[in-house]
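Enquirer: I have a structure I would like to understand better, so I am pasting it below and will then ask my questions one at a time.
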Amino acid sequence: MKAAIFCAVLLPLLFSGCVQSKVEKMEGHMGFVDRQSFPEVKGAKLELAVSGNPELISGRDRKVTFILKNLSDSPLNIPEWFSNEPDNIEISCQIWFPNQLAPEPDRWITYPVVPKRPIMRYPLRIGAKMFVSVDVPLEFLNHLIVKPGTERRYFIKARLNLNSVKAESKVSAITIRPPQKQAAKKR
C-alpha cells in the first residue's frame with residue numbers, strides 16, 4: 001500500500017520534471033521560439049488591400065484595416081494564421097512630401113512583426129471569392145501630433161508575414177488630420 005502511494009506521488013513529479021527540461025531547451029533569450037515550418041499552399045490566389053477611409057484623425061485613429069481576399073473559385077486553407085491577427089501583416093511606409101508624385105524606392109521604412117507571445121496559430125479557411133479583414137495598428141501614429149490647418153501624408157504598403165502563402169498590397173496613401181475643435185456650446 002505504501003509503495004502504491006509512493007508511486008502515485010513520485011510519477012507525476014518525474015513526468016513534470018521531464019516536461020520542464022524540454023521547455024527549458026526550447027526557450028531562448030527572447031521567450032519561446034516558434035519552430036514550426038509550413039509548406040507553401042499551391043495555387044493560392046490572394047489580394048491584399050487597404051480598406052476603409054484613407055483619412056485618419058490624429059490622437060484617435062491608430063490603425064488601418066486590410067482586406068485579404070481569396071480570388072480563387074475554391075476555398076483556401078492557410079495553416080499558419082496567427083491568433084493575434086495583426087501579426088499576419090507587415091507594414092512599410094514613407095512620408096509623402098509636398099509635390100511628391102510617387103514613393104521613393106529606397107525610402108521605405110518597414111516595421112518588422114514581433115509576434116505576441118505566446119505564439120498561437122490556427123488554420124484559417126477563406127471561402128471562394130470571400131475575404132477576411134485585419135486591423136493593423138500603426139505604432140508610429142501613437143505620438144504623432146498634427147497641428148490645426150495642417151496634415152501628414154504617408155505612402156503605405158503591406159505584405160503577409162506568412163510562409164505558406166504570399167500577398168503584397170499595392171501602394172496606398174493615408175492622410176492624418178488634426179482633431180476638429182468642437183463647436184462652442186450654445187446657452
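Simple scheme: letters A, B, ... for chains in C-alpha cells order, numbers from 1 for residues in each chain, numbers from 1 for ligands in the order shown.
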Write out as a count of residues only each polymer residue whose atoms come within 8 Å of A:Pro86, counting only C-alpha atoms; drop sequence neighbours fewer than 5 positions from it.
Expert: 4
Enquirer: Just asking: which residues within stretch 38-76 of chain A are strand (DSSP E) according to DSSP, as a ChimeraX atom specification?
Expert: /A:46-51,55-57,63-70,76
Enquirer: For the residues in that selection, give me all heavy atoms as a compact mmCIF listing (two decimals), in the first residue's frame.
Expert:
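Once everything was written out, this is result.txt:
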# COMPACT_ATOMS: atom_id res chain seq x y z
N LEU A 46 -4.35 35.32 -53.90
CA LEU A 46 -4.78 36.25 -52.86
C LEU A 46 -4.57 37.70 -53.28
O LEU A 46 -3.66 38.00 -54.05
CB LEU A 46 -4.00 35.99 -51.57
CG LEU A 46 -4.26 34.67 -50.87
CD1 LEU A 46 -3.21 34.43 -49.81
CD2 LEU A 46 -5.65 34.67 -50.26
N GLU A 47 -5.39 38.56 -52.72
CA GLU A 47 -5.24 40.00 -52.91
C GLU A 47 -5.27 40.65 -51.54
O GLU A 47 -6.17 40.39 -50.75
CB GLU A 47 -6.37 40.54 -53.77
CG GLU A 47 -6.31 42.05 -53.98
CD GLU A 47 -7.49 42.54 -54.80
OE1 GLU A 47 -8.62 42.54 -54.28
OE2 GLU A 47 -7.27 42.89 -55.97
N LEU A 48 -4.28 41.49 -51.26
CA LEU A 48 -4.20 42.22 -50.00
C LEU A 48 -4.36 43.69 -50.32
O LEU A 48 -3.65 44.22 -51.19
CB LEU A 48 -2.85 41.94 -49.32
CG LEU A 48 -2.61 42.57 -47.96
CD1 LEU A 48 -3.61 42.05 -46.93
CD2 LEU A 48 -1.18 42.30 -47.50
N ALA A 49 -5.29 44.37 -49.66
CA ALA A 49 -5.57 45.77 -49.97
C ALA A 49 -6.01 46.53 -48.73
O ALA A 49 -6.60 45.96 -47.81
CB ALA A 49 -6.65 45.87 -51.04
N VAL A 50 -5.71 47.84 -48.73
CA VAL A 50 -6.20 48.73 -47.67
C VAL A 50 -7.70 48.89 -47.85
O VAL A 50 -8.19 49.00 -48.97
CB VAL A 50 -5.49 50.10 -47.74
CG1 VAL A 50 -6.11 51.08 -46.76
CG2 VAL A 50 -4.01 49.96 -47.50
N SER A 51 -8.41 48.92 -46.74
CA SER A 51 -9.86 49.08 -46.78
C SER A 51 -10.26 50.28 -45.93
O SER A 51 -9.56 50.64 -45.00
CB SER A 51 -10.53 47.82 -46.23
OG SER A 51 -11.92 47.99 -46.13
N GLU A 55 -8.39 58.64 -44.58
CA GLU A 55 -8.14 59.80 -43.73
C GLU A 55 -8.31 59.40 -42.28
O GLU A 55 -9.37 58.91 -41.88
CB GLU A 55 -9.07 60.95 -44.09
CG GLU A 55 -8.77 61.54 -45.45
CD GLU A 55 -9.54 62.82 -45.71
OE1 GLU A 55 -10.19 63.35 -44.78
OE2 GLU A 55 -9.48 63.29 -46.85
N LEU A 56 -7.26 59.64 -41.49
CA LEU A 56 -7.27 59.30 -40.07
C LEU A 56 -7.18 60.57 -39.24
O LEU A 56 -6.67 61.58 -39.71
CB LEU A 56 -6.09 58.38 -39.75
CG LEU A 56 -5.94 57.11 -40.59
CD1 LEU A 56 -4.66 56.39 -40.24
CD2 LEU A 56 -7.14 56.21 -40.41
N ILE A 57 -7.67 60.50 -38.02
CA ILE A 57 -7.64 61.65 -37.12
C ILE A 57 -6.53 61.43 -36.09
O ILE A 57 -6.49 60.40 -35.40
CB ILE A 57 -8.99 61.84 -36.40
CG1 ILE A 57 -10.13 62.01 -37.43
CG2 ILE A 57 -8.94 63.03 -35.45
CD1 ILE A 57 -9.98 63.19 -38.36
N LYS A 63 -4.94 52.80 -36.43
CA LYS A 63 -4.87 51.52 -37.14
C LYS A 63 -5.41 51.68 -38.55
O LYS A 63 -6.13 52.62 -38.85
CB LYS A 63 -5.64 50.43 -36.40
CG LYS A 63 -7.12 50.72 -36.35
CD LYS A 63 -7.87 49.67 -35.57
CE LYS A 63 -9.32 50.08 -35.61
NZ LYS A 63 -10.16 49.46 -34.70
N VAL A 64 -5.02 50.73 -39.40
CA VAL A 64 -5.51 50.66 -40.77
C VAL A 64 -6.09 49.26 -40.95
O VAL A 64 -5.54 48.28 -40.44
CB VAL A 64 -4.37 50.92 -41.78
CG1 VAL A 64 -4.82 50.66 -43.20
CG2 VAL A 64 -3.86 52.34 -41.64
N THR A 65 -7.19 49.18 -41.68
CA THR A 65 -7.82 47.89 -41.93
C THR A 65 -7.39 47.39 -43.31
O THR A 65 -7.44 48.12 -44.29
CB THR A 65 -9.35 48.00 -41.87
OG1 THR A 65 -9.72 48.47 -40.57
CG2 THR A 65 -10.02 46.66 -42.13
N PHE A 66 -6.98 46.12 -43.35
CA PHE A 66 -6.60 45.46 -44.59
C PHE A 66 -7.59 44.34 -44.87
O PHE A 66 -8.10 43.71 -43.96
CB PHE A 66 -5.19 44.88 -44.51
CG PHE A 66 -4.13 45.93 -44.53
CD1 PHE A 66 -3.69 46.51 -43.35
CD2 PHE A 66 -3.58 46.35 -45.73
CE1 PHE A 66 -2.72 47.48 -43.37
CE2 PHE A 66 -2.61 47.33 -45.75
CZ PHE A 66 -2.18 47.90 -44.57
N ILE A 67 -7.84 44.13 -46.15
CA ILE A 67 -8.70 43.04 -46.61
C ILE A 67 -7.80 42.02 -47.32
O ILE A 67 -7.04 42.39 -48.21
CB ILE A 67 -9.78 43.55 -47.59
CG1 ILE A 67 -10.71 44.55 -46.90
CG2 ILE A 67 -10.55 42.40 -48.20
CD1 ILE A 67 -11.58 43.96 -45.83
N LEU A 68 -7.93 40.75 -46.93
CA LEU A 68 -7.24 39.66 -47.61
C LEU A 68 -8.32 38.84 -48.31
O LEU A 68 -9.16 38.23 -47.65
CB LEU A 68 -6.47 38.79 -46.62
CG LEU A 68 -5.73 37.60 -47.24
CD1 LEU A 68 -4.65 38.08 -48.21
CD2 LEU A 68 -5.13 36.72 -46.15
N LYS A 69 -8.32 38.89 -49.63
CA LYS A 69 -9.37 38.25 -50.42
C LYS A 69 -8.83 37.03 -51.15
O LYS A 69 -7.75 37.08 -51.75
CB LYS A 69 -9.95 39.23 -51.44
CG LYS A 69 -11.12 38.68 -52.21
CD LYS A 69 -11.76 39.71 -53.12
CE LYS A 69 -12.97 39.13 -53.82
NZ LYS A 69 -13.60 40.11 -54.70
N ASN A 70 -9.61 35.94 -51.10
CA ASN A 70 -9.31 34.73 -51.86
C ASN A 70 -9.90 34.91 -53.25
O ASN A 70 -11.11 34.95 -53.42
CB ASN A 70 -9.92 33.51 -51.16
CG ASN A 70 -9.72 32.23 -51.92
OD1 ASN A 70 -8.98 32.17 -52.90
ND2 ASN A 70 -10.39 31.18 -51.48
N LEU A 76 -9.75 28.34 -49.63
CA LEU A 76 -8.32 28.34 -49.37
C LEU A 76 -8.09 28.09 -47.89
O LEU A 76 -8.71 28.72 -47.04
CB LEU A 76 -7.71 29.69 -49.75
CG LEU A 76 -6.24 29.91 -49.39
CD1 LEU A 76 -5.34 28.98 -50.17
CD2 LEU A 76 -5.86 31.35 -49.61
Enquirer: So which residues touch stretch 169-173 of chain A within 7 Å, counting only C-alpha atoms, skipping near sequence neighbours fewer than 5 positions away, as JSON, numbers by chain?
Expert: {"A": [48, 49, 54, 154, 155, 156, 157, 158, 159]}
Enquirer: Quick check, in Å to one decimal: how far apart do atom CA of A:Val41 and atom CA of A:Lys129 lie?
Expert: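 Computing it gives 16.8 Å between the two atoms.
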Enquirer: Neighbours of A:Lys147 within 10 Å (only C-alpha atoms; same-chain residues fewer than 5 positions away dropped), as a list in words?
Expert: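 That gives Ser58, Arg152, Arg177, Pro178 and Pro179 of chain A.
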